[in-house]
Amino acid sequence: MNINIHKKRYRLSNVYKKGTEHTMVLILSISLASIFFIFSFLALIGFFGFSQENAVDFIVLGLLSAIGPIGFYNAHQAKVKQEIEDKLPDFLREIGSSTASGMTVFDAVRVASEGDYGLLTKELRKMTAQLSWGISIKEALQNFSKRLKSKPVERAVLTINQALDMGGNTSDTFYAAAKEIEQIKMVEQQRKTEMSMYSIVILISFFVFLAVILIINTTIFAAFFDLQQKVGTAHVGRMGLGNVDKNMLKYAFYSFVFVQSIGAGLLGGFMMDGRVSSGVRYSFVLILISFIAFRFLM
């Protein structure tokens with residue numbers, strides 16, 4: 001009777017809430033972005049003495065608020081996952097060594113949870129708690145895989161559980177799983193090293209594009225607008241010098257650079273880490289740099 005009460009009380013869906021932090025960050029992003037977009041609309045219709053330039057600023061700040069928090073949160077989660085994956089082969093080898101010496105899997109996990117595996121230690125303690133509630137090792141490993149949501153971990157857990165079902169050598173199974181994760185991580189590191197060069201080229205291209213826009217604005221177009229002020233509505237060929245709107249040209253440059261910053265950030269981050277979430281973080285940084293450059297240098 002007590003066992004059933006404990007299982008009901010410590011139901012995993014009650015103890016380990018899934019997605020709550022992600023939802024809170026998403027709500028924060030949407031709320032901040034909505035506030036800035038509302039201010040942008042008010043600036044466009046002239047409320048509170050805002051100008052058209054203020055409306056553009058609010059649009060950019062709204063875009064930054066929309067992608068910034070969720071982008072950096074995902075980057076933090078990816079870093080945590082990366083550190084856990086790096087420590088996991090050592091943990092699996094220790095389990096294999098312990099079971100080879102005659103220790104049960106439960107005792108091996110409990111002993112390992114008392115060691116120092118960095119961020120993995122917290123997950124091991126959760127696993128030990130689940131095993132103490134009467135949950136099988138297979139289900140505990142599956143719950144660990146669901147919490148981490150990592151492809152290498154999912155494959156390793158699947159391999160271990162299938163081997164346990166077949167009744168094979170337990171220690172050899174954990175050794176094989178550790179080796180498999182290390183090989184997957186090695187392939188990922190090689191891919192990241194090779195693709196990082198392309199990401200660097202994309203990012204450098206963005207800064208070159210931004211520099212060219214700023215140089216053109218401060219040299220060619222600065223001279224052009226000086227000439228426009230001097231000659232007024234005179235014509236050069238079919239172009240009327242007095243009809244060129246300086247602000248419209250500036251906002252056109254704004255659009256070019258912001259589109260470039262979003263595209264370069266998404267593509268560069270995706271090629272670097274293989275995740276769109278990393279691209280969102282890169283886009284945030286490039287948009288912020290573009291905003292500062294246009295706000296204070298143009």
# chains A, B, ... in the order shown; residues from 1 in each chain; ligands from 1
call {"tool": "residues_around", "arguments": {"residues": "A:Glu154", "least_positions_apart": "2", "cutoff": "12 Å", "atoms": "only C-alpha atoms", "output": "list in words"}}
result
Glu85, Leu141, Gln142, Asn143, Phe144, Ser145, Lys146, Arg147, Leu148, Lys149, Ser150, Lys151, Pro152, Ala156, Val157, Leu158, Thr159, Ile160, Asn161, Ala177, Glu180, Ile181 and Ile184 of chain A
call {"tool": "residues_around", "arguments": {"residues": "stretch 198-203 of chain A", "least_positions_apart": "6", "cutoff": "10 Å", "atoms": "only C-alpha atoms", "output": "PyMOL selection string"}}
result
chain A and resi 192+209+261+263-265+267-273+282+286
call {"tool": "write_last_selection", "arguments": {"atoms": "N, CA and C atoms", "output": "CSV table (one decimal), in the first residue's frame"}}
result
chain,number,residue,atom,x,y,z
A,192,LYS,N,31.6,20.4,-36.8
A,192,LYS,CA,31.6,21.8,-36.3
A,192,LYS,C,32.9,22.5,-36.7
A,209,PHE,N,29.8,44.3,-45.5
A,209,PHE,CA,28.7,44.9,-46.0
A,209,PHE,C,28.3,46.1,-45.2
A,261,SER,N,21.5,41.1,-41.6
A,261,SER,CA,21.9,40.6,-40.3
A,261,SER,C,21.1,39.4,-39.9
A,263,GLY,N,19.6,37.2,-41.9
A,263,GLY,CA,20.0,36.1,-42.7
A,263,GLY,C,21.4,35.6,-42.4
A,264,ALA,N,22.3,36.5,-42.2
A,264,ALA,CA,23.7,36.0,-41.9
A,264,ALA,C,23.7,35.4,-40.5
A,265,GLY,N,23.0,35.9,-39.5
A,265,GLY,CA,23.0,35.3,-38.2
A,265,GLY,C,22.4,33.9,-38.2
A,267,LEU,N,22.0,31.8,-40.8
A,267,LEU,CA,22.7,30.8,-41.6
A,267,LEU,C,24.1,30.5,-40.9
A,268,GLY,N,24.7,31.6,-40.4
A,268,GLY,CA,26.0,31.4,-39.7
A,268,GLY,C,25.9,30.5,-38.4
A,269,GLY,N,24.9,30.8,-37.6
A,269,GLY,CA,24.7,30.0,-36.4
A,269,GLY,C,24.3,28.6,-36.7
A,270,PHE,N,23.4,28.4,-37.7
A,270,PHE,CA,23.0,27.0,-38.1
A,270,PHE,C,24.2,26.2,-38.6
A,271,MET,N,25.1,26.8,-39.4
A,271,MET,CA,26.2,26.1,-40.0
A,271,MET,C,27.3,25.8,-38.9
A,272,MET,N,27.3,26.7,-37.9
A,272,MET,CA,28.3,26.5,-36.8
A,272,MET,C,27.9,25.4,-35.9
A,273,ASP,N,26.6,25.4,-35.4
A,273,ASP,CA,26.2,24.4,-34.4
A,273,ASP,C,25.2,23.4,-34.9
A,282,TYR,N,22.8,34.5,-32.9
A,282,TYR,CA,23.7,35.3,-33.8
A,282,TYR,C,23.0,36.5,-34.4
A,286,LEU,N,23.9,40.5,-34.3
A,286,LEU,CA,24.2,41.3,-35.5
A,286,LEU,C,23.1,42.4,-35.7
call {"tool": "residues_around", "arguments": {"residues": "stretch 34-38 of chain A", "least_positions_apart": "5", "cutoff": "8 Å", "atoms": "only C-alpha atoms", "output": "PDB file with N, CA and C atoms, in the first residue's frame"}}
result
ATOM      1  N   PHE A  58      11.717  51.588 -32.155  1.00  0.00           N
ATOM      2  CA  PHE A  58      10.857  50.688 -31.385  1.00  0.00           C
ATOM      3  C   PHE A  58      10.643  49.358 -32.119  1.00  0.00           C
ATOM      4  N   ILE A  59      10.560  49.401 -33.443  1.00  0.00           N
ATOM      5  CA  ILE A  59      10.420  48.167 -34.213  1.00  0.00           C
ATOM      6  C   ILE A  59      11.649  47.277 -34.023  1.00  0.00           C
ATOM      7  N   LEU A  61      13.819  47.385 -31.488  1.00  0.00           N
ATOM      8  CA  LEU A  61      13.842  46.908 -30.106  1.00  0.00           C
ATOM      9  C   LEU A  61      12.822  45.790 -29.889  1.00  0.00           C
ATOM     10  N   GLY A  62      11.667  45.902 -30.560  1.00  0.00           N
ATOM     11  CA  GLY A  62      10.677  44.834 -30.468  1.00  0.00           C
ATOM     12  C   GLY A  62      11.190  43.541 -31.072  1.00  0.00           C
TER      13      GLY A  62
END
call {"tool": "closest_residue", "arguments": {"among": "A:Arg295, A:Lys87, A:Arg281, A:Lys250", "to": "A:Ile216", "atoms": "only C-alpha atoms"}}
result
A:Lys250
call {"tool": "closest_residue", "arguments": {"among": "A:Leu131, A:Ile27, A:Val105, A:Val56", "to": "A:Ala252", "atoms": "only C-alpha atoms"}}
result
A:Val56
call {"tool": "closest_residue", "arguments": {"among": "A:Ala33, A:Asn217, A:Ser205, A:Leu26", "to": "A:Leu64", "atoms": "only C-alpha atoms"}}
result
A:Ala33
call {"tool": "select_by_dssp", "arguments": {"residues": "stretch 116-248 of chain A", "states": "strand (DSSP E or B)", "output": "ChimeraX atom specification"}}
result
/A:235-236,239-240
call {"tool": "write_last_selection", "arguments": {"atoms": "C-alpha atoms", "output": "mmCIF file, in the first residue's frame"}}
result
data_model
loop_
_atom_site.group_PDB
_atom_site.id
_atom_site.type_symbol
_atom_site.label_atom_id
_atom_site.label_comp_id
_atom_site.auth_asym_id
_atom_site.auth_seq_id
_atom_site.Cartn_x
_atom_site.Cartn_y
_atom_site.Cartn_z
ATOM 1 C CA HIS A 235 18.521 68.454 -62.500
ATOM 2 C CA VAL A 236 21.360 66.174 -63.464
ATOM 3 C CA MET A 239 17.229 62.989 -61.774
ATOM 4 C CA GLY A 240 16.053 65.920 -59.738
#
call {"tool": "closest_residue", "arguments": {"among": "A:Ile84, A:Asp90, A:Gly96, A:Ile70", "to": "A:Thr173", "atoms": "only C-alpha atoms"}}
result
A:Gly96
call {"tool": "select_by_dssp", "arguments": {"residues": "stretch 87-120 of chain A", "states": "alpha helix (DSSP H)", "output": "list in words"}}
result
Lys87, Leu88, Pro89, Asp90, Phe91, Leu92, Arg93, Glu94, Ile95, Gly96, Ser97, Ser98, Thr99, Ala100, Val105, Phe106, Asp107, Ala108, Val109, Arg110, Val111, Ala112, Ser113 and Leu120 of chain A
call {"tool": "closest_residue", "arguments": {"among": "A:Leu92, A:Ile215, A:Met197, A:Leu210", "to": "A:Ile287", "atoms": "only C-alpha atoms"}}
result
A:Leu210
call {"tool": "residues_around", "arguments": {"residues": "A:Asp116", "least_positions_apart": "5", "cutoff": "10 Å", "atoms": "only C-alpha atoms", "output": "PyMOL selection string"}}
result
chain A and resi 87+91+121-122
call {"tool": "write_last_selection", "arguments": {"atoms": "C-alpha atoms", "output": "CSV table (one decimal), in the first residue's frame"}}
result
chain,number,residue,atom,x,y,z
A,87,LYS,CA,30.4,13.6,-19.0
A,91,PHE,CA,29.5,7.7,-16.1
A,121,THR,CA,25.4,14.7,-11.2
A,122,LYS,CA,22.0,16.4,-10.8
